[in-house]
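Q: The structure under discussion is supplied below as structure tokens; questions concerning it will follow.
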Amino acid sequence: MKVLIATKNKGKIEGAKKALSNYFDNIEIEGIPVESDVSEQPVNDEIYKGAKNRVKNLKKYAQKNNIEADLFLSIESGITNLLGRWMITNIAVIEDKTDFESYGTSPSFPVPDKLVKDIIDTDLSQVMNKIFTKDDERHNKGGGIQLLTHDKISRIDLTEMAFIMALTKYINKNWN
């Protein structure tokens, strides 16, 4: 199965591959960075829009470059208060070559009120750099969540969970 994912982030690619390997064999996944066409720090509805736009832009890139794929994946992280409290969440979007779309979210984690404005004005990564000091391992693999959970959950884990949730609709197409 040929899969394209809208990122070069190794942790996100690994999380997606782990999720897919629960349901499919012989997965070949290629990361291609494309634009989200939303704010640098997506807020509320922009999180889904960013993930959806990345899939759309990934498909355009694939078509333009004659790249065949079975699935097109994207994941967007953002800050939301749609449930009444500020949290960071990830939304994964999966589309196949027939444009069937499935989506899901990762577990979310709370954001202290005193950090919300800074996160929205800049982005979570910059705020995390101020709090924890910049760390390439955090950016490429474990993510800030690994620091916040004291090494219990990584970006790979969050990405895997979001894609498993997105796959529920895809692997159960007969329910739709």
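Identifiers in this document derive from the order of the structure tokens: chains are assigned A, B, ..., residues are numbered from 1 separately in each chain, and ligands are numbered from 1 in order of occurrence.
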Pick out the residues sitting within 10 Å of Asp99 (chain A), and hand them over as a VMD selection string; count only C-alpha atoms, and ignore anything fewer than 6 positions along from it in its own chain.
A: chain A and resid 56 59 71 to 72
Q: Can you list, as a JSON list (two decimals) with C-alpha atoms, in the first residue's frame, every residue of chain A that DSSP puts in strand (DSSP E or B)?
A:
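Below is the file that was written, selection00.json:
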[["chain", "number", "residue", "atom", "x", "y", "z"],
["A", 2, "LYS", "CA", 1.44, 3.35, -1.08],
["A", 3, "VAL", "CA", 0.71, 6.17, 1.35],
["A", 4, "LEU", "CA", 1.59, 9.85, 1.13],
["A", 5, "ILE", "CA", 1.61, 11.98, 4.27],
["A", 28, "GLU", "CA", 5.19, 2.27, 1.99],
["A", 29, "ILE", "CA", 4.84, 5.78, 3.41],
["A", 30, "GLU", "CA", 6.40, 8.89, 1.91],
["A", 31, "GLY", "CA", 6.45, 12.28, 3.58],
["A", 43, "VAL", "CA", -7.27, 27.82, 16.36],
["A", 71, "LEU", "CA", -4.05, 6.90, 0.79],
["A", 72, "PHE", "CA", -3.31, 10.56, 1.48],
["A", 73, "LEU", "CA", -2.78, 11.55, 5.11],
["A", 74, "SER", "CA", -2.40, 14.71, 7.09],
["A", 75, "ILE", "CA", -2.36, 15.73, 10.73],
["A", 76, "GLU", "CA", -2.72, 19.24, 12.11],
["A", 77, "SER", "CA", -2.13, 20.34, 15.68],
["A", 78, "GLY", "CA", -3.87, 23.34, 17.14],
["A", 79, "ILE", "CA", -5.44, 25.01, 20.13],
["A", 80, "THR", "CA", -9.16, 24.86, 20.76],
["A", 87, "MET", "CA", -6.56, 22.48, 24.95],
["A", 88, "ILE", "CA", -4.11, 21.31, 22.35],
["A", 89, "THR", "CA", -5.41, 18.64, 19.99],
["A", 90, "ASN", "CA", -4.48, 16.97, 16.71],
["A", 91, "ILE", "CA", -6.84, 16.26, 13.87],
["A", 92, "ALA", "CA", -5.92, 13.58, 11.33],
["A", 93, "VAL", "CA", -7.49, 13.42, 7.88],
["A", 94, "ILE", "CA", -7.29, 10.45, 5.54],
["A", 95, "GLU", "CA", -8.54, 10.37, 1.96],
["A", 96, "ASP", "CA", -8.25, 7.59, -0.54],
["A", 101, "GLU", "CA", -12.61, 11.05, 3.66],
["A", 102, "SER", "CA", -12.17, 9.91, 7.22],
["A", 103, "TYR", "CA", -10.93, 11.95, 10.17],
["A", 104, "GLY", "CA", -10.16, 11.61, 13.84],
["A", 105, "THR", "CA", -8.57, 13.34, 16.79],
["A", 109, "PHE", "CA", -4.25, 18.16, 26.79],
["A", 110, "PRO", "CA", -5.05, 21.31, 28.76]]
Q: May I ask which of the residues A:Lys97, A:Lys114, A:Gly11, A:Val34 is the closest one to Gly144 (chain A), counting only C-alpha atoms?
A: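 Using only C-alpha atoms, Gly144 (chain A) sits closest to A:Gly11.
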Q: Just the residues within 9 Å of Leu158 (chain A), please, counting only C-alpha atoms, with nothing from its chain fewer than 4 positions along; format it as a list of chain:residue names.
A: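 Non-adjacent residues within range: A:Lys12, A:Gly15, A:Thr89, A:Asn90, A:Thr105, A:Ser106, A:Pro107, A:Ser108, A:Ile145, A:Ile153, A:Ser154, A:Ala162, A:Phe163.
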Q: I'd like to know which of A:Phe100, A:Tyr48, A:Tyr170, A:Tyr61 is closest to Tyr23 (chain A), using only C-alpha atoms.
A: A:Tyr170
Q: Pick out each residue of region 75-147 of chain A that DSSP on the backbone tags as helix (DSSP H, G or I); I need them as number ranges by chain.
A: A: 113-121, 124-132, 136-147
Q: Between A:Glu35, A:Ala62, A:Leu124, A:Gly84, which has the minimum distance to Lys49 (chain A) (counting only C-alpha atoms)?
A: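 That would be A:Glu35, the residue with the smallest distance to Lys49 (chain A).
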Q: Using only C-alpha atoms, can you tell me which of A:Ala69, A:Ile156, A:Ala19, A:Met161 comes closest to Thr98 (chain A)?
A: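 Among the listed residues, the smallest separation from Thr98 (chain A) belongs to A:Ala69.
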